[in-house]
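Next comes query-v2.cif, with mmCIF, C-alpha atoms and all ligand atoms.
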data_upload
#
loop_
_atom_site.label_atom_id
_atom_site.label_comp_id
_atom_site.auth_asym_id
_atom_site.auth_seq_id
_atom_site.Cartn_x
_atom_site.Cartn_y
_atom_site.Cartn_z
CA MET A 1 0.00 0.00 0.00
CA LEU A 2 1.28 3.43 -0.98
CA ILE A 3 1.66 6.50 1.23
CA TYR A 4 0.89 10.15 0.53
CA ALA A 5 2.18 12.77 2.97
CA HIS A 6 -1.00 14.65 3.91
CA ARG A 7 -0.53 18.46 3.62
CA GLY A 8 3.18 17.55 3.56
CA ALA A 9 4.59 15.91 6.68
CA SER A 10 1.93 17.77 8.66
CA GLY A 11 2.15 15.78 11.90
CA THR A 12 5.65 17.05 12.60
CA TYR A 13 5.84 20.25 10.49
CA PRO A 14 3.33 23.08 9.96
CA GLU A 15 0.84 21.82 7.35
CA ASN A 16 1.03 23.00 3.73
CA THR A 17 4.30 24.93 4.21
CA ILE A 18 7.61 24.62 2.38
CA ALA A 19 9.04 23.12 5.61
CA SER A 20 6.43 20.32 5.58
CA PHE A 21 6.99 19.73 1.85
CA ARG A 22 10.80 19.66 2.17
CA GLU A 23 10.39 16.95 4.78
CA ALA A 24 7.98 15.00 2.53
CA ALA A 25 10.38 15.41 -0.41
CA ARG A 26 13.15 13.80 1.66
CA LEU A 27 11.07 10.70 2.44
CA PRO A 28 10.85 7.55 0.31
CA VAL A 29 7.03 7.75 0.22
CA HIS A 30 5.01 7.53 -3.00
CA GLY A 31 3.38 10.94 -2.92
CA VAL A 32 2.31 14.15 -1.28
CA GLU A 33 -1.10 15.80 -0.95
CA PHE A 34 -1.86 19.51 -0.65
CA ASP A 35 -4.78 21.91 -0.97
CA VAL A 36 -5.20 24.85 -3.34
CA HIS A 37 -7.23 28.08 -3.05
CA LEU A 38 -7.36 31.27 -5.15
CA THR A 39 -6.39 34.73 -3.84
CA LYS A 40 -8.20 38.02 -4.51
CA ASP A 41 -5.71 38.79 -7.31
CA GLY A 42 -6.10 35.35 -8.91
CA GLU A 43 -2.96 33.64 -7.56
CA LEU A 44 -2.90 29.95 -6.59
CA VAL A 45 -1.91 29.36 -2.96
CA VAL A 46 -1.45 26.19 -0.92
CA ILE A 47 -3.50 26.19 2.29
CA HIS A 48 -6.21 23.94 3.71
CA ASP A 49 -8.85 26.30 5.15
CA GLU A 50 -10.80 29.05 3.40
CA THR A 51 -9.42 31.46 6.02
CA ILE A 52 -5.89 31.98 7.33
CA ASP A 53 -7.04 32.16 10.99
CA ARG A 54 -6.07 28.67 12.14
CA THR A 55 -2.65 28.37 10.48
CA SER A 56 -1.20 31.88 10.56
CA ASP A 57 -0.90 35.00 12.71
CA GLY A 58 -3.44 36.75 10.47
CA THR A 59 -7.18 36.59 9.93
CA GLY A 60 -9.66 36.62 7.07
CA TYR A 61 -10.53 34.76 3.91
CA VAL A 62 -7.88 33.84 1.34
CA LYS A 63 -10.26 35.05 -1.41
CA ASP A 64 -10.39 38.58 0.07
CA GLN A 65 -6.60 39.17 0.14
CA THR A 66 -3.92 39.54 -2.49
CA LEU A 67 -0.89 37.28 -2.60
CA SER A 68 1.39 40.06 -1.35
CA GLN A 69 -0.96 40.70 1.59
CA LEU A 70 -1.03 36.97 2.44
CA LYS A 71 2.76 36.74 2.20
CA GLU A 72 3.02 39.20 5.12
CA TYR A 73 1.74 36.62 7.61
CA ASP A 74 3.61 33.92 9.48
CA PHE A 75 2.42 30.35 8.82
CA GLY A 76 4.89 28.47 11.02
CA ASN A 77 4.77 29.95 14.50
CA TRP A 78 1.24 28.65 15.34
CA PHE A 79 2.69 25.13 15.07
CA SER A 80 5.98 25.82 16.86
CA PRO A 81 8.26 28.87 17.28
CA GLN A 82 10.91 26.76 15.58
CA PHE A 83 9.05 27.32 12.27
CA GLU A 84 8.65 31.08 12.53
CA GLY A 85 9.16 32.71 9.15
CA GLU A 86 7.23 30.17 7.05
CA THR A 87 4.96 31.95 4.57
CA ILE A 88 1.97 30.77 2.56
CA PRO A 89 3.38 28.88 -0.45
CA THR A 90 2.18 29.50 -3.99
CA LEU A 91 1.35 26.42 -6.05
CA GLY A 92 4.31 27.30 -8.27
CA GLU A 93 6.71 27.21 -5.31
CA VAL A 94 5.46 23.76 -4.31
CA LEU A 95 5.62 22.35 -7.85
CA GLU A 96 9.15 23.68 -8.19
CA LEU A 97 10.20 21.91 -4.99
CA PHE A 98 8.90 18.56 -6.21
CA GLN A 99 10.03 18.93 -9.82
CA SER A 100 13.31 17.18 -9.08
CA THR A 101 11.85 14.38 -6.89
CA HIS A 102 9.94 11.19 -7.81
CA HIS A 103 6.83 12.02 -5.77
CA HIS A 104 3.30 11.72 -7.11
CA LEU A 105 1.46 14.97 -6.43
CA ASN A 106 -2.16 15.02 -5.29
CA ILE A 107 -3.44 18.55 -5.79
CA GLU A 108 -6.76 19.03 -4.01
CA LEU A 109 -8.93 21.78 -5.54
CA LYS A 110 -10.66 23.45 -2.58
CA SER A 111 -13.53 24.92 -4.60
CA ASP A 112 -16.24 23.13 -2.60
CA ILE A 113 -17.05 26.16 -0.41
CA PHE A 114 -16.22 29.09 -2.72
CA PRO A 115 -16.35 28.32 -6.46
CA TYR A 116 -13.03 30.13 -7.27
CA GLU A 117 -13.95 30.89 -10.89
CA GLY A 118 -11.13 29.90 -13.27
CA MET A 119 -9.03 28.10 -10.65
CA THR A 120 -9.09 24.67 -12.34
CA ALA A 121 -7.79 26.05 -15.65
CA LYS A 122 -5.01 27.95 -13.86
CA VAL A 123 -3.92 24.81 -11.99
CA LEU A 124 -3.83 22.82 -15.25
CA GLU A 125 -1.77 25.53 -16.94
CA LEU A 126 0.82 25.53 -14.15
CA ILE A 127 1.09 21.71 -14.11
CA LYS A 128 1.83 21.85 -17.83
CA GLU A 129 4.36 24.63 -17.37
CA TYR A 130 6.25 22.50 -14.83
CA ASP A 131 5.94 19.43 -17.06
CA LEU A 132 4.26 17.44 -14.28
CA GLU A 133 1.18 16.16 -16.14
CA SER A 134 2.15 12.50 -15.72
CA ARG A 135 2.89 12.91 -11.99
CA VAL A 136 -0.31 14.49 -10.70
CA VAL A 137 -3.78 13.46 -9.58
CA LEU A 138 -6.30 16.26 -9.15
CA SER A 139 -8.96 15.68 -6.52
CA SER A 140 -11.87 17.61 -5.04
CA PHE A 141 -15.01 17.39 -2.94
CA ASP A 142 -16.31 19.70 -5.70
CA HIS A 143 -17.06 17.05 -8.30
CA SER A 144 -17.95 19.69 -10.88
CA ALA A 145 -14.28 20.78 -10.71
CA ILE A 146 -13.23 17.17 -11.43
CA GLN A 147 -15.61 17.16 -14.39
CA GLU A 148 -13.95 20.36 -15.61
CA VAL A 149 -10.49 18.79 -15.35
CA LYS A 150 -11.64 15.89 -17.54
CA ARG A 151 -13.15 18.32 -20.05
CA LEU A 152 -10.07 20.57 -20.25
CA ALA A 153 -7.36 17.90 -19.89
CA PRO A 154 -8.74 14.35 -20.29
CA HIS A 155 -5.26 12.80 -19.87
CA ILE A 156 -4.87 14.13 -16.30
CA GLU A 157 -5.74 11.66 -13.53
CA THR A 158 -8.60 12.68 -11.24
CA GLY A 159 -9.98 11.55 -7.89
CA ALA A 160 -13.45 12.20 -6.49
CA LEU A 161 -13.26 12.95 -2.77
CA ALA A 162 -16.13 11.63 -0.68
CA MET A 163 -17.08 11.04 2.93
CA GLU A 164 -20.53 9.60 2.24
CA VAL A 165 -21.54 5.98 1.86
CA LEU A 166 -22.87 6.38 -1.68
CA VAL A 167 -25.42 4.12 -3.32
CA ARG A 168 -23.94 2.57 -6.51
CA PRO A 169 -20.62 4.46 -6.30
CA LEU A 170 -19.41 2.91 -9.59
CA ASP A 171 -22.26 4.54 -11.54
CA TYR A 172 -21.58 7.78 -9.69
CA LEU A 173 -17.85 7.78 -10.54
CA LYS A 174 -18.44 6.91 -14.21
CA ASN A 175 -21.00 9.69 -14.47
CA ILE A 176 -18.58 12.46 -13.36
CA PRO A 177 -16.30 10.89 -14.77
CA ALA A 178 -13.32 10.41 -12.44
CA ASP A 179 -10.48 7.88 -12.34
CA ALA A 180 -10.31 7.17 -8.59
CA PHE A 181 -12.12 7.55 -5.28
CA HIS A 182 -10.42 9.39 -2.40
CA LEU A 183 -12.48 8.30 0.60
CA LEU A 184 -12.76 9.06 4.29
CA PHE A 185 -11.20 6.12 6.16
CA PRO A 186 -14.33 4.45 7.61
CA THR A 187 -16.26 4.96 4.35
CA ALA A 188 -13.50 3.26 2.35
CA ILE A 189 -14.18 -0.10 3.97
CA ARG A 190 -18.00 -0.04 3.77
CA PRO A 191 -19.50 -2.86 1.65
CA ALA A 192 -21.13 -0.29 -0.69
CA TYR A 193 -17.65 0.35 -2.16
CA ARG A 194 -16.88 -3.32 -2.86
CA GLU A 195 -17.86 -2.80 -6.51
CA ILE A 196 -15.18 -0.10 -6.84
CA TYR A 197 -12.43 -2.49 -5.68
CA ASP A 198 -13.84 -5.26 -7.90
CA ALA A 199 -13.69 -2.93 -10.90
CA GLY A 200 -9.98 -2.29 -10.21
CA ILE A 201 -10.53 1.41 -9.57
CA PRO A 202 -7.96 2.97 -7.21
CA VAL A 203 -9.21 3.84 -3.73
CA ARG A 204 -7.10 6.14 -1.58
CA ALA A 205 -8.15 6.76 2.04
CA PHE A 206 -7.76 9.79 4.34
CA THR A 207 -6.55 10.55 6.97
CA VAL A 208 -4.83 7.51 8.46
CA ASN A 209 -2.43 8.06 11.36
CA GLU A 210 -2.94 4.76 13.22
CA GLU A 211 -0.98 1.67 12.27
CA SER A 212 -3.92 -0.66 13.00
CA TYR A 213 -6.20 1.31 10.66
CA ALA A 214 -3.53 1.27 7.96
CA ARG A 215 -3.37 -2.53 8.21
CA LEU A 216 -7.16 -2.78 7.97
CA LEU A 217 -7.21 -0.66 4.83
CA GLN A 218 -4.35 -2.61 3.30
CA GLN A 219 -6.34 -5.81 3.79
CA ALA A 220 -9.41 -4.20 2.21
CA GLY A 221 -7.45 -3.47 -0.98
CA VAL A 222 -6.94 0.27 -0.57
CA GLN A 223 -4.25 1.46 -2.98
CA ALA A 224 -2.92 4.31 -0.82
CA ILE A 225 -3.40 6.22 2.41
CA PHE A 226 -2.98 9.89 3.23
CA THR A 227 -1.19 10.33 6.53
CA ASP A 228 0.14 13.20 8.64
CA TYR A 229 2.98 10.88 9.78
CA PRO A 230 4.44 9.55 6.52
CA GLU A 231 7.79 8.50 7.99
CA ARG A 232 6.22 6.44 10.80
CA LEU A 233 3.56 4.80 8.61
CA PHE A 234 6.15 4.04 5.90
CA ALA A 235 8.37 2.32 8.47
CA PHE A 236 5.40 0.29 9.73
CA LEU A 237 4.16 -0.82 6.30
CA ASN A 238 7.65 -1.68 5.07
CA ALA A 239 8.88 -3.44 8.21
O1 LIG B 301 -7.24 14.71 0.00
C1 LIG B 301 -7.43 14.01 1.16
C2 LIG B 301 -7.81 14.91 2.31
O2 LIG B 301 -6.89 15.94 2.35
C3 LIG B 301 -9.20 15.48 2.17
O3 LIG B 301 -9.60 16.16 3.30
O4 LIG B 301 -9.99 18.20 4.62
O5 LIG B 301 -7.78 17.07 4.74
O6 LIG B 301 -8.42 18.32 2.70
P1 LIG B 301 -8.90 17.50 3.86
MG MG B 302 -6.71 17.90 1.45
#
Just dump the structure as structure tokens.
Amino acid sequence: MLIYAHRGASGTYPENTIASFREAARLPVHGVEFDVHLTKDGELVVIHDETIDRTSDGTGYVKDQTLSQLKEYDFGNWFSPQFEGETIPTLGEVLELFQSTHHHLNIELKSDIFPYEGMTAKVLELIKEYDLESRVVLSSFDHSAIQEVKRLAPHIETGALAMEVLVRPLDYLKNIPADAFHLLFPTAIRPAYREIYDAGIPVRAFTVNEESYARLLQQAGVQAIFTDYPERLFAFLNA
């Protein structure tokens, strides 16, 4: 079973920062996951929440501030003073960091709360610019964004994020269409999803920080897990 570092190595470094991605880039794990939002001036930034309140010394929505305004805030100190000076990364900065590594990149489009008009096309453009089209999977809880990816760039791999126990998930996935399911951990092992495993469609599960859960998912046929502790889970699964 493969491992993706969730928001970078976010258990031991401040999530979605260059520090957490440098750590992930150093590890022998398969991939890394991170979240993308759009600023007021149309720049792509890597952060999980719609606001900067939880993970910086600032406040307010990402969508209401320009990149240069957002770059003024500290995104490391809330986690530990040791990481003071971390700033919000742009998507370009993160792609550049991973350009020279082997890691598979899961870019999560966070357009499920605010629609971020034009964000999907901008992400696709940047992936092409960095020549990373064969090393990415684009996922979202906003399945219309996934549909847009398939329309604009059918060769790019996509994953539909879901927490729900869907009825006939295979029909649902084909209808979007998407290439994989990225499922909440308990949902991923519900019998409703058996047909997805039987069809050979990749299932990746989030967020798995417990060894016993990782083992359970491995036995269920999950292709990969997203974890905040990639080094520890890698050591466990490869022992
Ligand atoms: O992409 C997997 C996982 O990151 C989805 O949930 O809220 O951590 O972005 P969240
Ligand atoms: Mg995410």
| request: Residues within 8 Å of ligand LIG 301 (chain B), counting all atoms listed in the file: report them as a PyMOL selection string. | output: chain A and resi 6-7+33-35+48+106-108+110+139-141+161+182-184+205-207+226
Which residue out of A:Asp228, A:Glu211, A:Asp57, A:Asp179 has the minimum interatomic distance to ligand MG 302 (chain B) when all atoms listed in the file are used?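 Ranked by minimum distance to ligand MG 302 (chain B), first place goes to A:Asp228.
Atom pair atom CA of His104 of chain A / atom CA of Lys40 of chain A: separated by 28.8 Å.
With only C-alpha atoms and all ligand atoms as the atoms that count, the minimum distance from ligand MG 302 (chain B) to the choices A:Leu97, A:Val36, A:Met119, A:Leu67 is reached by A:Val36.
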Which polymer residues have any atom within 12 Å of an atom of Ala214 of chain A, counting only C-alpha atoms, with same-chain residues fewer than 4 positions away left out, as a PDB file with C-alpha atoms, keeping the file's coordinate frame?
ATOM      1  CA  MET A   1       0.000   0.000   0.000  1.00  0.00           C
ATOM      2  CA  LEU A   2       1.280   3.430  -0.980  1.00  0.00           C
ATOM      3  CA  ILE A   3       1.660   6.500   1.230  1.00  0.00           C
ATOM      4  CA  PHE A 185     -11.200   6.120   6.160  1.00  0.00           C
ATOM      5  CA  PRO A 186     -14.330   4.450   7.610  1.00  0.00           C
ATOM      6  CA  ALA A 188     -13.500   3.260   2.350  1.00  0.00           C
ATOM      7  CA  ILE A 189     -14.180  -0.100   3.970  1.00  0.00           C
ATOM      8  CA  ARG A 204      -7.100   6.140  -1.580  1.00  0.00           C
ATOM      9  CA  ALA A 205      -8.150   6.760   2.040  1.00  0.00           C
ATOM     10  CA  PHE A 206      -7.760   9.790   4.340  1.00  0.00           C
ATOM     11  CA  THR A 207      -6.550  10.550   6.970  1.00  0.00           C
ATOM     12  CA  VAL A 208      -4.830   7.510   8.460  1.00  0.00           C
ATOM     13  CA  ASN A 209      -2.430   8.060  11.360  1.00  0.00           C
ATOM     14  CA  GLU A 210      -2.940   4.760  13.220  1.00  0.00           C
ATOM     15  CA  GLN A 218      -4.350  -2.610   3.300  1.00  0.00           C
ATOM     16  CA  GLN A 219      -6.340  -5.810   3.790  1.00  0.00           C
ATOM     17  CA  ALA A 220      -9.410  -4.200   2.210  1.00  0.00           C
ATOM     18  CA  GLY A 221      -7.450  -3.470  -0.980  1.00  0.00           C
ATOM     19  CA  VAL A 222      -6.940   0.270  -0.570  1.00  0.00           C
ATOM     20  CA  GLN A 223      -4.250   1.460  -2.980  1.00  0.00           C
ATOM     21  CA  ALA A 224      -2.920   4.310  -0.820  1.00  0.00           C
ATOM     22  CA  ILE A 225      -3.400   6.220   2.410  1.00  0.00           C
ATOM     23  CA  PHE A 226      -2.980   9.890   3.230  1.00  0.00           C
ATOM     24  CA  THR A 227      -1.190  10.330   6.530  1.00  0.00           C
ATOM     25  CA  TYR A 229       2.980  10.880   9.780  1.00  0.00           C
ATOM     26  CA  PRO A 230       4.440   9.550   6.520  1.00  0.00           C
ATOM     27  CA  ARG A 232       6.220   6.440  10.800  1.00  0.00           C
ATOM     28  CA  LEU A 233       3.560   4.800   8.610  1.00  0.00           C
ATOM     29  CA  PHE A 234       6.150   4.040   5.900  1.00  0.00           C
ATOM     30  CA  ALA A 235       8.370   2.320   8.470  1.00  0.00           C
ATOM     31  CA  PHE A 236       5.400   0.290   9.730  1.00  0.00           C
ATOM     32  CA  LEU A 237       4.160  -0.820   6.300  1.00  0.00           C
ATOM     33  CA  ASN A 238       7.650  -1.680   5.070  1.00  0.00           C
TER      34      ASN A 238
END
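Across A:Gln65, A:Val45, A:Asp112, A:Thr120, the tightest approach to Thr90 of chain A is made by A:Val45 when counting all atoms listed in the file.
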Within 12 Å of Ile176 of chain A, counting only C-alpha atoms, which residues qualify if same-chain residues fewer than 3 places away don't, as a list of chain:residue names?
->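 Everything that qualifies: A:Ser140, A:Asp142, A:His143, A:Ser144, A:Ala145, A:Ile146, A:Gln147, A:Glu148, A:Val149, A:Lys150, A:Arg151, A:Thr158, A:Gly159, A:Ala160, A:Leu161, A:Pro169, A:Leu170, A:Asp171, A:Tyr172, A:Leu173, A:Asp179, A:Ala180, A:Phe181.
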Let me see the file: selected residues, C-alpha atoms, as a compact mmCIF listing (two decimals), keeping the file's coordinate frame.
# COMPACT_ATOMS: atom_id res chain seq x y z
CA SER A 140 -11.87 17.61 -5.04
CA ASP A 142 -16.31 19.70 -5.70
CA HIS A 143 -17.06 17.05 -8.30
CA SER A 144 -17.95 19.69 -10.88
CA ALA A 145 -14.28 20.78 -10.71
CA ILE A 146 -13.23 17.17 -11.43
CA GLN A 147 -15.61 17.16 -14.39
CA GLU A 148 -13.95 20.36 -15.61
CA VAL A 149 -10.49 18.79 -15.35
CA LYS A 150 -11.64 15.89 -17.54
CA ARG A 151 -13.15 18.32 -20.05
CA THR A 158 -8.60 12.68 -11.24
CA GLY A 159 -9.98 11.55 -7.89
CA ALA A 160 -13.45 12.20 -6.49
CA LEU A 161 -13.26 12.95 -2.77
CA PRO A 169 -20.62 4.46 -6.30
CA LEU A 170 -19.41 2.91 -9.59
CA ASP A 171 -22.26 4.54 -11.54
CA TYR A 172 -21.58 7.78 -9.69
CA LEU A 173 -17.85 7.78 -10.54
CA ASP A 179 -10.48 7.88 -12.34
CA ALA A 180 -10.31 7.17 -8.59
CA PHE A 181 -12.12 7.55 -5.28
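Counting only C-alpha atoms and all ligand atoms, the residue from A:His37, A:Lys122, A:Lys63, A:His155 that sits nearest to ligand MG 302 (chain B) is A:His37.
When all atoms listed in the file are used to measure the gap to Glu133 of chain A, the shortest distance among A:Ser80, A:Gln99, A:Asn16, A:Ser111 belongs to A:Gln99.
If you measure from each of A:Glu231, A:Glu93, A:Glu50, A:Glu129 to Ala5 of chain A using only C-alpha atoms, the closest one turns out to be A:Glu231.
Those residues that approach Leu166 of chain A to within 10 Å, counting all atoms listed in the file, are A:Tyr172, A:Thr187, A:Arg190, A:Ala192, A:Tyr193; same-chain residues fewer than 5 positions away are not listed.
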Quote the spacing between atom CA of Ser56 of chain A and atom CA of Leu109 of chain A in Å to one decimal place.
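The value is 20.5 Å.
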The distance between atom CA of Ala121 of chain A and atom CA of Glu96 of chain A is 18.7 Å
| request: Identify, on the basis of all atoms listed in the file, every residue whose closest approach to Glu84 of chain A does not exceed 8 Å; exclude the query and any residue fewer than 3 positions from it along the same chain; express the result as JSON, numbers by chain. | output: {"A": [74, 75, 76, 77, 80, 81]}
